[in-house]
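Structure data follow from final-v9.cif (mmCIF, C-alpha atoms):
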data_query
loop_
_atom_site.label_atom_id
_atom_site.label_comp_id
_atom_site.auth_asym_id
_atom_site.auth_seq_id
_atom_site.Cartn_x
_atom_site.Cartn_y
_atom_site.Cartn_z
CA MET A 1 142.13 130.19 73.48
CA THR A 2 143.95 128.32 76.20
CA LEU A 3 143.67 124.54 76.14
CA ALA A 4 144.96 122.47 79.06
CA PHE A 5 145.95 118.97 77.92
CA TYR A 6 146.28 116.30 80.64
CA VAL A 7 148.64 113.52 79.51
CA GLN A 8 149.72 110.52 81.59
CA HIS A 9 151.81 107.69 80.12
CA LEU A 10 152.45 104.73 82.41
CA LEU A 11 154.42 102.03 80.56
CA GLY A 12 154.94 102.55 76.84
CA ILE A 13 155.16 105.88 75.03
CA GLY A 14 152.47 105.41 72.37
CA HIS A 15 150.00 107.62 74.24
CA LEU A 16 152.71 110.26 74.61
CA ARG A 17 153.61 110.29 70.90
CA ARG A 18 149.95 110.62 69.90
CA ALA A 19 149.51 113.43 72.43
CA GLU A 20 152.52 115.26 70.97
CA LEU A 21 150.94 115.20 67.51
CA LEU A 22 147.66 116.48 68.94
CA ALA A 23 149.40 119.27 70.87
CA ARG A 24 151.27 120.46 67.80
CA ALA A 25 148.09 120.43 65.68
CA LEU A 26 146.14 122.30 68.34
CA ALA A 27 148.83 124.98 68.51
CA ALA A 28 148.80 125.25 64.71
CA HIS A 29 145.05 125.88 64.87
CA GLY A 30 145.39 128.82 67.23
CA PHE A 31 145.23 127.25 70.69
CA ASP A 32 147.57 128.25 73.49
CA VAL A 33 148.33 124.70 74.62
CA VAL A 34 149.43 123.90 78.17
CA VAL A 35 150.47 120.26 78.53
CA LEU A 36 150.01 118.84 82.03
CA SER A 37 152.45 115.94 81.87
CA GLY A 38 152.23 113.28 84.58
CA GLY A 39 154.78 110.77 83.32
CA LEU A 40 158.54 110.56 83.33
CA PRO A 41 160.27 112.65 80.64
CA VAL A 42 161.08 110.73 77.45
CA VAL A 43 164.04 111.32 75.18
CA GLY A 44 163.01 113.20 72.05
CA GLU A 45 159.72 114.68 73.29
CA ASP A 46 158.39 117.27 70.83
CA TRP A 47 155.44 119.34 71.98
CA GLY A 48 156.00 122.12 69.46
CA ALA A 49 154.81 125.50 70.73
CA ALA A 50 153.01 124.05 73.77
CA ARG A 51 154.03 125.00 77.30
CA ILE A 52 154.86 122.06 79.55
CA VAL A 53 153.90 121.74 83.20
CA ARG A 54 155.62 118.74 84.78
CA LEU A 55 153.52 117.16 87.51
CA PRO A 56 155.18 114.82 90.04
CA PRO A 57 155.76 111.83 87.72
CA ALA A 58 154.34 108.35 88.13
CA ARG A 59 154.63 105.16 86.13
CA ALA A 60 153.35 101.60 86.27
CA ALA A 61 155.36 99.17 88.38
CA GLY A 62 154.52 96.30 86.00
CA VAL A 63 152.60 95.33 82.89
CA ASP A 64 149.37 94.81 84.86
CA PHE A 65 149.16 98.57 85.67
CA LYS A 66 147.83 97.79 89.14
CA SER A 67 150.64 99.43 91.11
CA LEU A 68 152.09 102.90 90.57
CA ILE A 69 155.53 104.13 91.56
CA ASP A 70 157.10 107.57 91.65
CA ALA A 71 160.26 108.90 90.00
CA HIS A 72 162.39 107.11 92.64
CA ASP A 73 160.63 103.73 92.15
CA ARG A 74 158.77 104.07 95.45
CA PRO A 75 155.08 103.09 95.70
CA ILE A 76 152.92 106.18 95.69
CA ASP A 77 151.02 106.88 98.92
CA ASP A 78 148.25 109.22 100.08
CA ALA A 79 150.69 112.07 100.73
CA TRP A 80 152.02 111.76 97.18
CA ARG A 81 148.48 111.69 95.80
CA ALA A 82 147.53 114.82 97.74
CA ALA A 83 150.60 116.69 96.51
CA ARG A 84 150.01 115.62 92.94
CA ARG A 85 146.30 116.56 93.12
CA ASP A 86 147.14 120.00 94.46
CA ALA A 87 149.78 120.53 91.77
CA LEU A 88 147.28 119.65 89.06
CA LEU A 89 144.52 121.85 90.49
CA ASP A 90 146.93 124.78 90.82
CA ALA A 91 148.22 124.33 87.27
CA VAL A 92 144.72 124.32 85.78
CA ALA A 93 143.67 127.30 87.88
CA ALA A 94 146.71 129.23 86.66
CA ALA A 95 146.03 128.32 83.03
CA ARG A 96 142.33 129.29 83.15
CA PRO A 97 141.61 127.14 80.10
CA ALA A 98 138.69 127.42 77.72
CA VAL A 99 139.16 123.70 77.05
CA LEU A 100 140.33 120.79 79.19
CA LEU A 101 141.47 117.83 77.09
CA LEU A 102 141.92 114.55 78.96
CA GLU A 103 144.06 111.83 77.37
CA GLY A 104 142.30 108.54 78.06
CA PHE A 105 140.10 109.42 81.04
CA PRO A 106 137.56 108.14 82.03
CA PHE A 107 138.01 105.13 79.72
CA ALA A 108 141.53 104.67 81.09
CA ARG A 109 143.75 106.17 83.80
CA ARG A 110 141.29 105.06 86.47
CA GLN A 111 144.16 105.06 89.00
CA PHE A 112 144.19 108.86 88.73
CA ARG A 113 140.61 109.47 89.84
CA PHE A 114 142.11 110.87 93.06
CA GLU A 115 143.07 114.02 91.12
CA LEU A 116 140.82 114.04 88.05
CA VAL A 117 137.49 113.75 89.86
CA PRO A 118 138.33 116.72 92.16
CA LEU A 119 139.46 118.66 89.08
CA LEU A 120 136.22 117.97 87.20
CA ASP A 121 134.16 118.81 90.30
CA ARG A 122 136.00 122.11 90.74
CA LEU A 123 135.49 123.06 87.09
CA ALA A 124 131.79 122.15 87.29
CA ALA A 125 131.36 124.64 90.12
CA GLN A 126 132.69 127.54 88.04
CA PRO A 127 130.19 129.98 86.51
CA ALA A 128 131.67 129.34 83.04
CA ARG A 129 132.96 125.79 82.97
CA PRO A 130 135.57 124.95 80.32
CA LEU A 131 134.67 122.61 77.52
CA VAL A 132 135.81 119.16 78.70
CA VAL A 133 136.89 116.67 76.05
CA SER A 134 138.25 113.12 76.29
CA SER A 135 140.76 111.79 73.74
CA ILE A 136 140.96 108.04 73.08
CA ARG A 137 142.33 105.67 70.44
CA ASP A 138 140.05 103.57 68.25
CA ILE A 139 140.45 100.28 70.15
CA LEU A 140 140.21 100.08 73.93
CA VAL A 141 141.30 97.30 76.25
CA ALA A 142 138.21 95.18 76.85
CA LYS A 143 136.37 95.87 80.11
CA PRO A 144 134.16 92.85 80.87
CA ASP A 145 132.88 94.26 84.18
CA PRO A 146 129.48 95.93 83.55
CA ALA A 147 129.94 98.09 86.65
CA ARG A 148 133.16 99.51 85.23
CA VAL A 149 131.42 100.33 81.93
CA ALA A 150 128.55 101.99 83.81
CA GLU A 151 131.05 104.05 85.81
CA VAL A 152 132.67 105.36 82.62
CA VAL A 153 129.29 106.25 81.09
CA ALA A 154 128.17 108.02 84.28
CA THR A 155 131.38 110.07 84.42
CA ILE A 156 130.94 111.14 80.80
CA GLU A 157 127.29 112.06 81.27
CA ARG A 158 128.17 114.07 84.35
CA SER A 159 131.46 115.74 83.40
CA ILE A 160 132.61 115.17 79.78
CA ASP A 161 131.15 117.19 76.90
CA ARG A 162 132.71 115.37 73.96
CA VAL A 163 134.82 112.29 73.20
CA LEU A 164 137.37 112.32 70.37
CA VAL A 165 137.78 108.79 68.99
CA HIS A 166 141.01 108.69 67.00
CA GLY A 167 140.03 106.15 64.40
CA ASP A 168 137.86 105.38 61.39
CA PRO A 169 134.37 103.95 62.05
CA SER A 170 134.43 102.21 58.67
CA LEU A 171 137.27 100.03 60.00
CA ILE A 172 136.18 99.58 63.61
CA ARG A 173 133.67 101.39 65.80
CA LEU A 174 134.04 102.14 69.48
CA ASP A 175 131.23 99.76 70.41
CA ALA A 176 133.43 96.86 69.29
CA THR A 177 135.51 97.33 72.45
CA PHE A 178 133.34 99.54 74.67
CA PRO A 179 129.84 98.17 75.38
CA GLY A 180 128.58 101.54 76.63
CA ALA A 181 129.21 103.36 73.35
CA ALA A 182 125.51 103.61 72.44
CA ALA A 183 124.74 105.48 75.66
CA ILE A 184 127.21 108.24 74.77
CA ALA A 185 126.79 108.19 70.98
CA ASP A 186 125.75 111.86 70.90
CA ARG A 187 129.13 112.86 72.37
CA LEU A 188 131.38 110.78 70.10
CA CYS A 189 133.42 112.31 67.30
CA TYR A 190 135.51 110.05 65.04
CA THR A 191 138.51 112.07 63.91
CA GLY A 192 140.46 109.68 61.71
CA PHE A 193 143.82 108.38 62.84
CA VAL A 194 146.39 110.61 64.55
CA ALA A 195 149.59 110.04 62.62
CA ALA A 196 152.59 112.01 61.48
CA PRO A 197 152.83 112.72 57.73
CA ALA A 198 154.25 109.85 55.72
CA SER A 199 158.03 109.96 55.22
CA PRO A 200 159.81 109.15 51.95
CA PRO A 201 161.62 105.79 52.18
CA VAL A 202 165.37 105.44 52.54
CA GLU A 203 166.70 104.93 49.02
CA SER A 204 169.90 102.94 49.66
CA ALA A 205 170.11 99.38 48.39
CA ALA A 206 171.20 98.17 51.83
CA ALA A 207 168.12 99.67 53.48
CA ARG A 208 165.84 97.98 50.94
CA GLU A 209 167.25 94.60 51.96
CA THR A 210 166.86 95.19 55.71
CA VAL A 211 164.53 93.42 58.14
CA VAL A 212 163.57 95.99 60.80
CA VAL A 213 162.58 94.61 64.22
CA SER A 214 161.11 97.17 66.66
CA VAL A 215 159.27 97.26 69.99
CA GLY A 216 158.05 100.85 70.26
CA GLY A 217 159.40 102.61 73.33
CA GLY A 218 160.88 99.37 74.65
CA ALA A 219 159.22 99.17 78.06
CA VAL A 220 158.20 95.68 76.92
CA GLY A 221 159.38 93.59 74.00
CA ALA A 222 162.82 92.25 74.93
CA GLU A 223 161.62 88.68 74.35
CA LEU A 224 160.65 89.54 70.77
CA LEU A 225 164.09 90.98 70.07
CA LEU A 226 165.83 87.97 71.59
CA ALA A 227 163.68 85.63 69.51
CA ALA A 228 164.57 87.64 66.40
CA CYS A 229 168.29 87.16 67.11
CA ARG A 230 167.83 83.40 66.81
CA ALA A 231 165.12 83.42 64.15
CA ARG A 232 167.28 85.06 61.48
CA ALA A 233 169.40 81.96 60.85
CA LEU A 234 166.26 79.80 60.62
CA SER A 235 164.49 81.98 58.05
CA GLN A 236 164.70 82.76 54.35
CA ALA A 237 166.00 86.18 55.37
CA ARG A 238 169.17 84.68 56.87
CA ASP A 239 171.40 86.48 54.37
CA ARG A 240 169.75 89.89 54.80
CA PRO A 241 170.81 92.50 57.38
CA TRP A 242 168.53 92.71 60.40
CA LEU A 243 168.22 95.90 62.44
CA LEU A 244 166.87 95.56 66.00
CA LEU A 245 165.61 98.71 67.73
CA THR A 246 165.22 98.42 71.50
CA GLY A 247 163.51 101.77 72.12
CA PRO A 248 164.59 104.48 74.56
CA MET A 249 162.79 103.01 77.59
CA MET A 250 164.27 99.50 77.60
CA PRO A 251 166.45 98.98 80.71
CA GLU A 252 170.15 98.88 79.91
CA PRO A 253 170.71 95.30 81.22
CA ARG A 254 168.13 94.02 78.71
CA VAL A 255 169.73 96.01 75.90
CA ALA A 256 173.11 94.51 76.83
CA ALA A 257 171.63 90.99 76.77
CA ILE A 258 170.18 91.58 73.30
CA ARG A 259 173.49 92.94 72.01
CA ALA A 260 175.26 89.86 73.40
CA ALA A 261 172.76 87.54 71.69
CA ALA A 262 172.94 89.29 68.30
CA PRO A 263 174.84 87.19 65.71
CA PRO A 264 176.81 88.66 62.80
CA GLY A 265 174.47 90.39 60.41
CA VAL A 266 172.23 91.69 63.21
CA THR A 267 172.68 95.28 64.38
CA VAL A 268 171.20 96.50 67.67
CA GLU A 269 170.43 100.18 68.22
CA ARG A 270 168.32 102.00 70.76
CA HIS A 271 166.69 104.52 68.46
CA ARG A 272 166.73 105.81 64.89
CA ASP A 273 165.52 109.29 64.02
CA ASP A 274 164.82 107.98 60.51
CA PHE A 275 162.76 105.00 61.74
CA ARG A 276 159.71 105.80 59.62
CA ARG A 277 161.89 106.24 56.51
CA LEU A 278 163.58 102.91 57.27
CA LEU A 279 160.18 101.20 57.33
CA GLY A 280 159.37 102.62 53.91
CA GLY A 281 162.44 100.97 52.41
CA ALA A 282 162.57 97.77 54.47
CA VAL A 283 161.90 94.36 52.97
CA LEU A 284 160.04 93.35 56.16
CA SER A 285 159.04 94.74 59.54
CA ILE A 286 158.68 92.64 62.70
CA SER A 287 156.99 94.48 65.56
CA GLN A 288 154.25 94.61 68.12
CA ALA A 289 150.85 96.03 67.10
CA GLY A 290 150.51 99.31 68.94
CA TYR A 291 148.46 102.17 67.49
CA ASN A 292 151.41 104.32 66.40
CA THR A 293 153.49 101.42 65.09
CA VAL A 294 150.67 100.10 62.91
CA LEU A 295 149.96 103.54 61.48
CA ASP A 296 153.66 103.96 60.64
CA LEU A 297 153.61 100.56 58.94
CA LEU A 298 150.45 101.20 56.94
CA GLN A 299 151.82 104.49 55.68
CA ALA A 300 155.25 103.03 54.88
CA GLY A 301 153.84 99.88 53.30
CA PRO A 302 156.34 97.07 54.07
CA ARG A 303 155.39 93.46 54.58
CA MET A 304 154.86 92.91 58.28
CA VAL A 305 154.93 90.28 61.00
CA LEU A 306 153.05 91.35 64.13
CA VAL A 307 153.49 89.93 67.64
CA PRO A 308 150.86 91.87 69.62
CA PHE A 309 151.53 92.67 73.27
CA ALA A 310 149.03 90.63 75.27
CA ALA A 311 150.28 90.43 78.88
CA ALA A 312 148.02 90.93 81.89
CA GLY A 313 144.76 90.82 79.95
CA GLU A 314 145.72 93.35 77.27
CA THR A 315 143.42 92.87 74.25
CA GLU A 316 143.86 96.03 72.20
CA GLN A 317 146.90 95.03 70.14
CA ALA A 318 145.61 91.52 69.48
CA LEU A 319 142.40 92.88 67.97
CA ARG A 320 144.26 95.40 65.83
CA ALA A 321 146.60 92.68 64.58
CA ARG A 322 143.69 90.40 63.74
CA LEU A 323 142.02 93.13 61.69
CA LEU A 324 145.21 93.55 59.68
CA ALA A 325 145.62 89.80 59.21
CA ASP A 326 142.02 89.52 57.99
CA ALA A 327 142.76 92.30 55.48
CA GLY A 328 145.81 90.40 54.18
CA ARG A 329 148.22 93.03 55.52
CA ALA A 330 150.08 91.08 58.20
CA VAL A 331 151.22 87.71 59.47
CA VAL A 332 150.43 87.44 63.18
CA ILE A 333 151.96 85.37 65.99
CA ASP A 334 150.43 85.21 69.47
CA GLU A 335 152.87 86.53 72.03
CA ALA A 336 152.31 83.52 74.28
CA SER A 337 153.43 81.12 71.53
CA LEU A 338 156.44 83.12 70.32
CA THR A 339 159.56 81.02 69.66
CA PRO A 340 162.46 81.57 67.23
CA ASP A 341 161.15 78.72 65.04
CA ARG A 342 157.66 80.18 64.83
CA LEU A 343 159.00 83.66 64.20
CA ALA A 344 161.20 82.35 61.38
CA ALA A 345 158.21 80.55 59.85
CA ALA A 346 156.16 83.77 60.04
CA VAL A 347 158.98 85.67 58.33
CA ASP A 348 158.98 83.11 55.52
CA ARG A 349 155.19 83.34 55.11
CA ALA A 350 155.35 87.13 54.94
CA LEU A 351 158.17 87.16 52.40
CA THR A 352 156.65 84.57 50.08
CA ALA A 353 153.03 85.77 50.20
CA PRO A 354 151.65 88.05 47.46
CA PRO A 355 152.42 91.75 47.97
CA PRO A 356 150.15 93.11 50.72
CA PRO A 357 147.24 95.19 49.44
CA PRO A 358 147.20 98.92 50.24
CA MET A 359 144.77 100.18 52.87
CA ALA A 360 143.18 103.59 52.51
CA ILE A 361 143.29 105.22 55.93
CA ASN A 362 142.48 108.73 57.08
CA CYS A 363 145.51 110.06 58.98
CA ASP A 364 144.23 113.62 59.48
CA GLY A 365 143.09 112.92 63.03
CA ALA A 366 145.23 115.54 64.78
CA ALA A 367 144.07 118.44 62.61
CA ALA A 368 140.48 117.12 62.60
CA SER A 369 140.53 117.07 66.42
CA ALA A 370 141.64 120.70 66.53
CA ARG A 371 138.94 121.70 64.05
CA ALA A 372 136.28 119.85 66.03
CA ILE A 373 137.22 121.53 69.30
CA ARG A 374 137.18 124.96 67.64
CA GLY A 375 133.73 124.17 66.29
CA TRP A 376 132.41 123.14 69.68
CA LEU A 377 133.73 126.34 71.23
CA ALA A 378 132.00 128.37 68.50
CA GLU A 379 128.74 126.56 69.24
CA ARG A 380 129.09 127.43 72.90
CA ALA A 381 129.71 131.07 72.09
CA THR A 382 126.44 131.31 70.20
#
Just dump the structure as structure tokens.
Amino acid sequence: MTLAFYVQHLLGIGHLRRAELLARALAAHGFDVVVLSGGLPVVGEDWGAARIVRLPPARAAGVDFKSLIDAHDRPIDDAWRAARRDALLDAVAAARPAVLLLEGFPFARRQFRFELVPLLDRLAAQPARPLVVSSIRDILVAKPDPARVAEVVATIERSIDRVLVHGDPSLIRLDATFPGAAAIADRLCYTGFVAAPASPPVESAAARETVVVSVGGGAVGAELLLAACRARALSQARDRPWLLLTGPMMPEPRVAAIRAAAPPGVTVERHRDDFRRLLGGAVLSISQAGYNTVLDLLQAGPRMVLVPFAAAGETEQALRARLLADAGRAVVIDEASLTPDRLAAAVDRALTAPPPPPMAINCDGAAASARAIRGWLAERAT
């Protein structure tokens, strides 16, 4: 059973990491997975047994996602779009998949309609069209434009058989962030969260005293790390070691500026392979509120301060952070009001509050997605 998996990350790498977990689970459940990757390669990618087809890469030119640039930082043009479309169509034709899995589309990746709409139209014209499935996280960026919502619903009704929602409806349902959810309710499948298995915590005494400050892949978040450099001396954690992780995608000049600002007692590193184990032993985590980061934190269990990314109208992380704050699991600071003083005060609140309550979450989303797709294929066969 060949499954073609279209994946396009534009700024951060959260989508990519979730897609890697899905690809590995799909392969473990018997699929021959072909990943159609449209973003720049990322250090440490792990697709397991999947085959990788690298499309001409594109990324966002800024946090507003309105402009796309190629691998050489040039704005993409119609010639680039045509070449990329043809590469995608050829790759899918060569794979001859039984399933096409689309990461995000049509809820996101609207800038790539130039290639995805022709692909869906071509597949629809085949005598035996592949099963077409969309894969999305539990919380979407709010889309206040009714026409945009109607466009997504129309695309699903026309071209998408099923939608995998990687979350738990008992915590938040899709209709909380997508007003058109009721119109496509018969195609929705909540899978649980897509997360790697929990890691045992680092056992050393030093690790148990550490404050870990992280910003995911590092495409954004330098301001949080710089604020942390100054907040340490203002907080009750001034005598503890702080570890700042910039992420593999942070530009080197910003990393250098953070290293220069780091006082004694603060260590700056780009990446740690044992990051999830560090969280399990840390006295406190300070981070943004992306999907993968929050799942790592909930599994590891440390106290947490969240500064959700909120630039250019982003609403997803702010909502996730608010849900955790309401559950007593996090102290939250709005990104727009972040200062070293406020960060230090949040650290003190987190450290002196009662131990955060555990949250029961279903993290079997990758395997559940694979099982669901197998089931839908079996239904088609009968």
Output check: residues returned by the PyMOL selection byres ((chain A and resi 143) around 12), as a PyMOL selection string: chain A and resi 107-108+139-142+144-152+175-180+313-316
Neighbour list for A:Ala58 as a list in words, cut-off 7 Å, all atoms listed in the file, skip fewer than 4 positions in-chain: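 Using all atoms listed in the file, the neighbours found are Gly38, Gly39, Leu40, Leu68, Ile69, Asp70 and Ala71 of chain A.
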Would you mind exporting the chosen residues as a CSV table (one decimal), in the coordinates of the input, restricted to C-alpha atoms?
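New file out_21.csv:
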chain,number,residue,atom,x,y,z
A,38,GLY,CA,152.2,113.3,84.6
A,39,GLY,CA,154.8,110.8,83.3
A,40,LEU,CA,158.5,110.6,83.3
A,68,LEU,CA,152.1,102.9,90.6
A,69,ILE,CA,155.5,104.1,91.6
A,70,ASP,CA,157.1,107.6,91.6
A,71,ALA,CA,160.3,108.9,90.0
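Closest approach to A:Met304 among A:Val211, A:Met249, A:Ala257, A:Ile160: A:Val211, based on all atoms listed in the file.
Checking A:Phe65, A:Tyr190, A:Phe5, A:Phe105 one by one against A:Val153, counting all atoms listed in the file, you find the shortest gap at A:Phe105.
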Residues matched by the PyMOL selection byres ((chain A and resi 50) around 7) as a count of residues only: 11
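Take atom CA of A:Ala124 and atom CA of A:Leu101: the distance between them is 14.7 Å.
In this model, the gap between atom CA of A:Leu89 and atom CA of A:Leu119 comes to 6.1 Å.
Compared by their closest atoms to A:Gly218, and using all atoms listed in the file, the residues A:Ala95, A:Ala82, A:Ala125, A:Met250 rank with A:Met250 nearest.
What separates atom CA of A:Arg303 from atom CA of A:Arg270 is a distance of 22.4 Å.
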Resolved residues for the PyMOL selection byres ((chain A and resi 104) around 9) as a ChimeraX atom specification: /A:7-8,15,102-103,105-109,134-137
Best match for closeness to A:Leu225 among A:Gly192, A:Gly280, A:Ala289, A:Leu338, counting all atoms listed in the file: A:Leu338
Shell of 6 Å around A:Leu22, all atoms listed in the file, local chain residues under 3 positions omitted, as number ranges by chain: A: 19, 25, 366
Please complete stretch 35-47 of chain A with N, CA and C atoms and give it back as a short mmCIF file (atom, residue, chain, number, x, y, z; two decimals), keeping the file's coordinate frame.
data_model
loop_
_atom_site.label_atom_id
_atom_site.label_comp_id
_atom_site.auth_asym_id
_atom_site.auth_seq_id
_atom_site.Cartn_x
_atom_site.Cartn_y
_atom_site.Cartn_z
N VAL A 35 150.45 121.70 78.32
CA VAL A 35 150.47 120.26 78.53
C VAL A 35 150.75 119.98 80.00
N LEU A 36 149.86 119.26 80.64
CA LEU A 36 150.01 118.84 82.03
C LEU A 36 150.51 117.41 82.01
N SER A 37 151.82 117.24 82.09
CA SER A 37 152.45 115.94 81.87
C SER A 37 152.68 115.23 83.20
N GLY A 38 152.12 114.02 83.32
CA GLY A 38 152.23 113.28 84.58
C GLY A 38 153.16 112.10 84.54
N GLY A 39 153.86 111.88 83.42
CA GLY A 39 154.78 110.77 83.32
C GLY A 39 156.22 111.22 83.36
N LEU A 40 157.12 110.25 83.36
CA LEU A 40 158.54 110.56 83.33
C LEU A 40 158.91 111.15 81.98
N PRO A 41 159.83 112.11 81.93
CA PRO A 41 160.27 112.65 80.64
C PRO A 41 160.83 111.55 79.75
N VAL A 42 160.62 111.71 78.45
CA VAL A 42 161.08 110.73 77.45
C VAL A 42 162.02 111.43 76.47
N VAL A 43 163.09 110.76 76.13
CA VAL A 43 164.04 111.32 75.18
C VAL A 43 163.33 111.63 73.86
N GLY A 44 163.56 112.83 73.35
CA GLY A 44 163.01 113.20 72.05
C GLY A 44 161.60 113.74 72.08
N GLU A 45 161.06 114.09 73.24
CA GLU A 45 159.72 114.68 73.29
C GLU A 45 159.67 115.94 72.43
N ASP A 46 158.57 116.10 71.70
CA ASP A 46 158.39 117.27 70.83
C ASP A 46 156.96 117.76 70.93
N TRP A 47 156.76 118.76 71.76
CA TRP A 47 155.44 119.34 71.98
C TRP A 47 155.21 120.60 71.16
#
